[in-house]
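Listing of start.csv, CSV, C-alpha atoms and all ligand atoms
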```csv
chain,number,residue,atom,x,y,z
A,1,MET,CA,-32.9,-27.6,-50.6
A,2,LEU,CA,-30.0,-29.3,-48.9
A,3,LYS,CA,-30.7,-32.8,-47.6
A,4,LEU,CA,-28.7,-34.1,-44.7
A,5,HIS,CA,-28.5,-37.9,-44.3
A,6,TYR,CA,-28.2,-38.3,-40.6
A,7,ALA,CA,-28.5,-40.6,-37.6
A,8,PRO,CA,-29.1,-39.2,-34.1
A,9,ASP,CA,-25.9,-38.4,-32.2
A,10,ASN,CA,-23.7,-39.5,-35.1
A,11,ALA,CA,-21.1,-37.4,-36.9
A,12,SER,CA,-24.0,-35.9,-38.8
A,13,LEU,CA,-24.7,-33.9,-35.7
A,14,ILE,CA,-21.6,-31.7,-36.5
A,15,ILE,CA,-23.1,-30.9,-39.9
A,16,ARG,CA,-26.6,-30.2,-38.5
A,17,LEU,CA,-25.1,-27.8,-36.0
A,18,VAL,CA,-23.2,-25.9,-38.6
A,19,LEU,CA,-26.3,-25.8,-40.9
A,20,GLU,CA,-28.2,-24.3,-38.0
A,21,GLU,CA,-25.5,-21.8,-37.1
A,22,LEU,CA,-25.4,-20.7,-40.8
A,23,GLY,CA,-29.2,-20.5,-40.9
A,24,GLU,CA,-29.3,-22.7,-44.0
A,25,PRO,CA,-32.6,-24.3,-44.8
A,26,TYR,CA,-32.2,-28.1,-45.0
A,27,GLU,CA,-34.2,-31.3,-44.8
A,28,THR,CA,-33.1,-34.5,-43.0
A,29,VAL,CA,-33.2,-38.1,-44.1
A,30,LEU,CA,-32.9,-40.7,-41.3
A,31,VAL,CA,-30.3,-43.4,-41.9
A,32,ASP,CA,-31.6,-46.3,-39.7
A,33,ARG,CA,-28.6,-47.6,-37.9
A,34,SER,CA,-30.7,-50.4,-36.3
A,35,SER,CA,-31.0,-52.1,-39.7
A,36,ASN,CA,-27.4,-51.1,-40.8
A,37,ALA,CA,-29.0,-48.8,-43.5
A,38,GLN,CA,-25.6,-47.1,-44.0
A,39,GLN,CA,-24.6,-50.3,-45.9
A,40,SER,CA,-27.7,-50.6,-47.9
A,41,PRO,CA,-27.4,-50.4,-51.7
A,42,ALA,CA,-29.6,-47.3,-51.7
A,43,TYR,CA,-27.4,-45.5,-49.2
A,44,LEU,CA,-24.2,-46.6,-50.9
A,45,LYS,CA,-25.4,-44.8,-54.0
A,46,VAL,CA,-25.6,-41.6,-51.9
A,47,ASN,CA,-22.3,-42.2,-50.1
A,48,PRO,CA,-20.1,-45.0,-51.4
A,49,MET,CA,-18.1,-45.0,-48.2
A,50,GLY,CA,-21.1,-46.2,-46.2
A,51,THR,CA,-20.6,-43.6,-43.5
A,52,ILE,CA,-22.8,-40.9,-42.0
A,53,PRO,CA,-23.1,-38.0,-42.8
A,54,ALA,CA,-23.8,-37.2,-46.4
A,55,LEU,CA,-25.2,-34.0,-47.8
A,56,GLU,CA,-27.3,-33.8,-51.0
A,57,THR,CA,-26.8,-30.5,-52.7
A,58,PRO,CA,-28.0,-29.0,-56.0
A,59,HIS,CA,-24.5,-29.9,-57.3
A,60,GLY,CA,-24.4,-33.5,-56.2
A,61,VAL,CA,-23.6,-35.3,-53.0
A,62,VAL,CA,-20.9,-34.2,-50.6
A,63,PHE,CA,-19.6,-36.7,-48.1
A,64,GLU,CA,-16.9,-36.9,-45.4
A,65,THR,CA,-17.5,-34.5,-42.5
A,66,ALA,CA,-14.6,-32.2,-43.2
A,67,ALA,CA,-15.5,-31.9,-46.9
A,68,ILE,CA,-19.1,-31.1,-46.0
A,69,LEU,CA,-18.1,-28.5,-43.4
A,70,LEU,CA,-15.7,-26.7,-45.8
A,71,TRP,CA,-18.2,-26.9,-48.6
A,72,LEU,CA,-20.8,-25.2,-46.4
A,73,VAL,CA,-18.7,-22.5,-44.8
A,74,ASP,CA,-16.9,-21.5,-48.0
A,75,ARG,CA,-20.2,-21.2,-49.8
A,76,ALA,CA,-21.6,-19.1,-47.0
A,77,GLY,CA,-18.4,-17.0,-46.6
A,78,ARG,CA,-18.7,-17.4,-42.9
A,79,MET,CA,-17.4,-19.5,-40.0
A,80,ALA,CA,-13.9,-19.9,-41.5
A,81,PRO,CA,-11.0,-17.6,-42.5
A,82,ALA,CA,-11.4,-16.5,-46.1
A,83,VAL,CA,-9.3,-18.2,-48.7
A,84,ASP,CA,-6.8,-15.3,-48.9
A,85,SER,CA,-6.7,-14.8,-45.1
A,86,PRO,CA,-3.3,-15.3,-43.3
A,87,ASP,CA,-5.2,-17.6,-40.9
A,88,ARG,CA,-6.4,-19.9,-43.7
A,89,GLY,CA,-3.5,-22.4,-43.6
A,90,ALA,CA,-3.7,-22.9,-39.9
A,91,PHE,CA,-7.4,-23.3,-40.0
A,92,LEU,CA,-7.2,-25.9,-42.7
A,93,SER,CA,-4.4,-27.8,-41.0
A,94,TRP,CA,-6.4,-28.2,-37.8
A,95,MET,CA,-9.6,-29.0,-39.7
A,96,MET,CA,-7.7,-31.9,-41.2
A,97,VAL,CA,-6.3,-33.0,-37.8
A,98,ALA,CA,-9.9,-33.0,-36.5
A,99,SER,CA,-10.8,-35.3,-39.4
A,100,ASN,CA,-7.8,-37.6,-39.8
A,101,GLY,CA,-6.8,-37.5,-36.1
A,102,LEU,CA,-9.6,-36.8,-33.6
A,103,GLN,CA,-12.5,-38.2,-35.5
A,104,MET,CA,-10.6,-41.1,-37.1
A,105,ASP,CA,-9.2,-42.1,-33.7
A,106,LEU,CA,-12.6,-42.0,-32.1
A,107,ARG,CA,-13.8,-44.2,-34.9
A,108,GLN,CA,-11.0,-46.6,-34.3
A,109,HIS,CA,-11.9,-46.7,-30.6
A,110,PHE,CA,-15.6,-47.3,-31.2
A,111,TYR,CA,-15.1,-49.9,-33.9
A,112,ALA,CA,-11.8,-51.3,-32.7
A,113,GLU,CA,-12.7,-54.9,-33.8
A,114,ARG,CA,-12.7,-53.6,-37.4
A,115,PHE,CA,-9.1,-52.4,-37.1
A,116,THR,CA,-7.2,-55.1,-35.3
A,117,THR,CA,-7.1,-58.9,-35.3
A,118,GLY,CA,-5.3,-58.7,-31.9
A,119,PRO,CA,-6.9,-58.1,-28.5
A,120,VAL,CA,-9.4,-55.2,-28.8
A,121,GLU,CA,-8.6,-53.7,-25.4
A,122,ASP,CA,-4.8,-53.5,-26.3
A,123,TYR,CA,-5.7,-51.7,-29.5
A,124,ARG,CA,-8.1,-49.3,-27.7
A,125,SER,CA,-5.4,-48.4,-25.1
A,126,ILE,CA,-3.0,-47.3,-28.0
A,127,VAL,CA,-5.8,-45.3,-29.6
A,128,ALA,CA,-6.6,-43.7,-26.2
A,129,GLN,CA,-3.1,-42.3,-26.0
A,130,ARG,CA,-3.6,-40.7,-29.4
A,131,LEU,CA,-7.0,-39.3,-28.3
A,132,ARG,CA,-5.4,-37.7,-25.3
A,133,GLY,CA,-2.8,-36.1,-27.5
A,134,HIS,CA,-5.5,-34.6,-29.7
A,135,LEU,CA,-7.3,-33.1,-26.7
A,136,ASP,CA,-4.0,-31.7,-25.4
A,137,ARG,CA,-3.1,-30.1,-28.7
A,138,TYR,CA,-6.5,-28.4,-29.1
A,139,GLU,CA,-6.3,-27.3,-25.4
A,140,THR,CA,-3.0,-25.6,-26.2
A,141,LEU,CA,-4.4,-23.9,-29.3
A,142,LEU,CA,-7.4,-22.6,-27.4
A,143,GLY,CA,-5.1,-21.2,-24.7
A,144,GLU,CA,-3.1,-19.4,-27.4
A,145,GLY,CA,-6.2,-17.5,-28.5
A,146,HIS,CA,-6.8,-17.7,-32.3
A,147,ALA,CA,-9.5,-16.1,-34.3
A,148,TRP,CA,-10.3,-19.5,-35.9
A,149,LEU,CA,-10.7,-21.5,-32.7
A,150,GLY,CA,-12.5,-20.5,-29.5
A,151,SER,CA,-13.2,-16.9,-30.4
A,152,GLU,CA,-16.6,-15.1,-30.0
A,153,ASP,CA,-17.9,-16.1,-33.4
A,154,PRO,CA,-17.7,-19.8,-33.7
A,155,THR,CA,-16.1,-21.4,-36.8
A,156,ALA,CA,-16.6,-24.8,-38.3
A,157,LEU,CA,-13.5,-25.9,-36.4
A,158,ASP,CA,-15.1,-24.9,-33.1
A,159,TYR,CA,-18.0,-27.2,-33.8
A,160,TYR,CA,-15.8,-30.0,-35.2
A,161,VAL,CA,-13.7,-30.0,-31.9
A,162,ALA,CA,-16.5,-29.3,-29.4
A,163,THR,CA,-19.1,-31.9,-30.6
A,164,PRO,CA,-17.0,-35.0,-30.2
A,165,LEU,CA,-16.4,-34.0,-26.5
A,166,ARG,CA,-19.9,-35.5,-26.0
A,167,TRP,CA,-18.8,-38.8,-27.5
A,168,PHE,CA,-15.7,-38.9,-25.4
A,169,ALA,CA,-17.9,-38.7,-22.3
A,170,LEU,CA,-20.6,-41.1,-23.4
A,171,TYR,CA,-19.1,-43.7,-25.7
A,172,LEU,CA,-15.5,-44.4,-24.8
A,173,GLN,CA,-15.8,-48.0,-23.7
A,174,ASN,CA,-13.9,-49.0,-20.5
A,175,GLU,CA,-12.0,-45.7,-20.4
A,176,SER,CA,-12.0,-44.0,-17.0
A,177,TRP,CA,-9.3,-41.4,-17.9
A,178,PHE,CA,-11.7,-38.9,-19.7
A,179,ASP,CA,-12.7,-36.1,-17.5
A,180,LEU,CA,-13.4,-32.8,-19.4
A,181,SER,CA,-12.3,-30.8,-16.3
A,182,ASN,CA,-8.7,-31.9,-17.2
A,183,TRP,CA,-8.9,-29.7,-20.3
A,184,PRO,CA,-10.4,-26.4,-19.0
A,185,HIS,CA,-10.2,-24.5,-22.3
A,186,LEU,CA,-12.1,-27.4,-24.0
A,187,LYS,CA,-14.6,-27.4,-21.2
A,188,SER,CA,-15.3,-23.7,-21.7
A,189,LEU,CA,-15.6,-24.2,-25.4
A,190,ALA,CA,-18.1,-27.0,-24.8
A,191,LYS,CA,-20.1,-24.6,-22.6
A,192,ARG,CA,-20.0,-21.8,-25.1
A,193,ILE,CA,-21.1,-24.0,-28.0
A,194,GLU,CA,-23.9,-25.7,-26.1
A,195,ALA,CA,-25.3,-22.3,-25.3
A,196,ARG,CA,-25.7,-21.4,-29.0
A,197,PRO,CA,-29.2,-21.3,-30.5
A,198,ALA,CA,-28.0,-23.8,-33.1
A,199,MET,CA,-27.5,-26.3,-30.3
A,200,GLN,CA,-31.1,-26.0,-29.1
A,201,ALA,CA,-32.4,-27.0,-32.5
A,202,ALA,CA,-30.2,-30.0,-32.6
A,203,VAL,CA,-31.1,-31.0,-29.0
A,204,ASP,CA,-34.7,-31.0,-29.9
A,205,ALA,CA,-34.2,-32.9,-33.2
A,206,GLU,CA,-31.9,-35.6,-31.8
A,207,GLY,CA,-33.0,-35.8,-28.1
A,208,LEU,CA,-29.6,-34.7,-26.7
A,209,GLY,CA,-30.7,-33.4,-23.3
A,210,ALA,CA,-29.4,-30.4,-21.3
A,211,THR,CA,-25.6,-29.7,-21.3
A,212,PRO,CA,-25.1,-32.0,-24.3
A,213,LEU,CA,-21.4,-31.2,-24.6
A,214,SER,CA,-20.1,-30.3,-21.1
A,215,HIS,CA,-22.0,-32.9,-19.2
A,216,PRO,CA,-23.9,-35.1,-21.7
A,217,SER,CA,-26.5,-37.8,-21.1
A,218,PRO,CA,-27.3,-40.6,-23.6
A,219,ALA,CA,-29.4,-39.4,-26.6
A,220,ASN,CA,-33.2,-40.1,-26.5
A,221,PRO,CA,-34.1,-39.3,-30.1
A,222,PRO,CA,-37.6,-38.8,-31.4
A,223,GLU,CA,-36.7,-41.0,-34.4
A,224,GLY,CA,-34.0,-43.5,-35.2
A,225,VAL,CA,-31.4,-44.9,-32.9
A,226,ALA,CA,-28.1,-43.5,-31.7
A,227,LEU,CA,-25.5,-46.2,-32.0
A,301,LIG,N1,-14.7,-40.3,-42.3
A,301,LIG,C1,-16.1,-40.2,-42.1
A,301,LIG,C2,-16.4,-40.9,-40.7
A,301,LIG,C3,-17.8,-40.7,-40.3
A,301,LIG,C4,-18.3,-41.8,-39.3
A,301,LIG,O1,-17.4,-42.4,-38.7
A,301,LIG,N2,-19.6,-42.0,-39.2
A,301,LIG,C5,-20.1,-43.0,-38.3
A,301,LIG,C6,-21.2,-42.5,-37.5
A,301,LIG,S1,-20.6,-41.4,-36.3
A,301,LIG,C7,-20.6,-44.1,-39.2
A,301,LIG,O2,-21.0,-43.9,-40.3
A,301,LIG,N3,-20.7,-45.3,-38.7
A,301,LIG,C8,-21.3,-46.5,-39.3
A,301,LIG,C9,-20.3,-47.4,-39.9
A,301,LIG,O3,-19.1,-47.1,-40.0
A,301,LIG,O4,-20.7,-48.5,-40.4
A,301,LIG,C10,-16.5,-38.7,-42.0
A,301,LIG,O5,-15.6,-37.9,-41.8
A,301,LIG,O6,-17.7,-38.4,-42.3
```
Take the structure in this file and express it as structure tokens.
Amino acid sequence: MLKLHYAPDNASLIIRLVLEELGEPYETVLVDRSSNAQQSPAYLKVNPMGTIPALETPHGVVFETAAILLWLVDRAGRMAPAVDSPDRGAFLSWMMVASNGLQMDLRQHFYAERFTTGPVEDYRSIVAQRLRGHLDRYETLLGEGHAWLGSEDPTALDYYVATPLRWFALYLQNESWFDLSNWPHLKSLAKRIEARPAMQAAVDAEGLGATPLSHPSPANPPEGVAL
């Protein structure tokens, strides 16, 4: 049985959604953010990076969101172009941009004080420019119409791009520029993904409310805290 180490409304949500979409049986283990449990010696044995998520598998722990997603979809043979598909290179490239760009820049915005010794607001405004660039690039890709992003059958990349839209709306401190309507293809992706049965399971488990991606409200989880 796969075991997902998660905290509500954290990056682990992307993994939960893909597990649900794949119909994979899994258990969850709460990482208690209120006591900084991600830095506890016990958790660091699971994920030495001290970040959430981590996935325990029969073959050991997989951590880092992109690695877990690729591990899951390759094993399932679904939700990604096959290894020998002509689309594979583009899919992998934009998966890595979602990881090293979109997700990393959100992280730098949330935890700006960890990344700069200068004024935090100055740092955040530089990161915000990069975040807008990521949204613009995924918007363009969605407009181009690719099988691996925004098509009828969602891929891991669809979930990787759509889920953070919630965090843009809820957690970008002191940023008034974010309005999903400015990125209409992303907005329609958000609506399509939040209508999936996989999302309903996550909404119930993590207290995400109605319209969790296109018009989110703060999480009200049945266990743990969303920080
Ligand atoms: N590079 C990591 C980043 C994950 C990440 O930023 N997780 C956040 C929660 S959304 C976290 O663990 N925050 C707690 C911390 O950094 O102390 C990944 O891709 O999994």
TODO: Choose the residue, out of A:Pro218, A:His109, A:Ala202, A:Lys3, that has the smallest atom-to-atom separation from A:His59; count all atoms listed in the file.
DONE: A:Lys3
Open item on the list: Around ligand LIG 301 (chain A), which protein and nucleic acid residues have at least one atom no more than 6 Å from it, if we count all atoms listed in the file? List them as a PyMOL selection string.
Closed with: chain A and resi 10-11+51-53+64-66+99+107
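Proximity of A:Arg166, A:Arg75, A:Met199, A:Glu175 to A:Ser217, computed with all atoms listed in the file, is greatest for A:Arg166.
With only the atoms specified (all atoms listed in the file) counting, those residues at most 10 Å away from (-31.3, -28.2, -21.7) are Glu194, Ala195, Met199, Gln200, Val203, Asp204, Leu208, Gly209, Ala210, Thr211 and Pro212 of chain A.
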Could you write those residues out with C-alpha atoms, as an mmCIF file, in the frame of the given file?
```cif
data_model
loop_
_atom_site.group_PDB
_atom_site.id
_atom_site.type_symbol
_atom_site.label_atom_id
_atom_site.label_comp_id
_atom_site.auth_asym_id
_atom_site.auth_seq_id
_atom_site.Cartn_x
_atom_site.Cartn_y
_atom_site.Cartn_z
ATOM 1 C CA GLU A 194 -23.900 -25.700 -26.100
ATOM 2 C CA ALA A 195 -25.300 -22.300 -25.300
ATOM 3 C CA MET A 199 -27.500 -26.300 -30.300
ATOM 4 C CA GLN A 200 -31.100 -26.000 -29.100
ATOM 5 C CA VAL A 203 -31.100 -31.000 -29.000
ATOM 6 C CA ASP A 204 -34.700 -31.000 -29.900
ATOM 7 C CA LEU A 208 -29.600 -34.700 -26.700
ATOM 8 C CA GLY A 209 -30.700 -33.400 -23.300
ATOM 9 C CA ALA A 210 -29.400 -30.400 -21.300
ATOM 10 C CA THR A 211 -25.600 -29.700 -21.300
ATOM 11 C CA PRO A 212 -25.100 -32.000 -24.300
#
```
Open item on the list: Residues near A:Arg192, anyone? I mean within 9 Å using all atoms listed in the file, not counting same-chain ones fewer than 4 positions away, as a ChimeraX atom specification.
Closed with: /A:150,152,187-188,196
Task: Exercise: A:Met79 partners within 7 Å, all atoms listed in the file, chain neighbours under 2 positions left out, as JSON, numbers by chain - done: {"A": [73, 154, 155, 156]}
Task: Gap from atom CA of A:Pro86 to atom CA of A:Leu149 - Å, one decimal - done: 14.3 Å
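Distance check against A:Gln38 using all atoms listed in the file: of A:Tyr6, A:Trp71, A:Phe91, A:Trp167, the minimum falls on A:Tyr6.
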TODO: Determine, counting all atoms listed in the file, every residue of protein, DNA or RNA that lies within 10 Å of (-20.8, -41.2, -48.0) in the file coordinates, then give the result as number ranges by chain.
DONE: A: 5, 38, 43-55, 61-65
Open item on the list: Could you check the closest approach to A:Tyr159 for each of A:Leu172, A:Leu142, A:Val18, A:Leu186 and tell me which residue wins, using only C-alpha atoms?
Closed with: A:Val18
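With atom CA of A:Asp9 on one side and atom CA of A:Ser214 on the other, the separation reads 14.9 Å.
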Sorted by chain and rising residue number, list the residues of stretch 148-167 of chain A at most 10 Å from stretch 93-97 of chain A (counting all atoms listed in the file), each with its closest atom pair and distance in Å to one decimal, as JSON lines.
```
{"residue": "A:Trp148", "atom": "CA", "partner": "A:Trp94", "partner_atom": "CA", "distance": 9.7}
{"residue": "A:Leu149", "atom": "CA", "partner": "A:Trp94", "partner_atom": "CA", "distance": 9.5}
{"residue": "A:Ala156", "atom": "CA", "partner": "A:Met95", "partner_atom": "CA", "distance": 8.3}
{"residue": "A:Leu157", "atom": "CA", "partner": "A:Met95", "partner_atom": "CA", "distance": 6.0}
{"residue": "A:Asp158", "atom": "CA", "partner": "A:Met95", "partner_atom": "CA", "distance": 9.5}
{"residue": "A:Tyr160", "atom": "CA", "partner": "A:Met95", "partner_atom": "CA", "distance": 7.7}
{"residue": "A:Val161", "atom": "CA", "partner": "A:Met95", "partner_atom": "CA", "distance": 8.9}
```
TODO: Do a neighbour search on A:Val83 at 9 Å with all atoms listed in the file, toss out local chain neighbours closer than 5 positions, and write the hits as a list in words.
DONE: Asp74, Arg88 and Gly89 of chain A
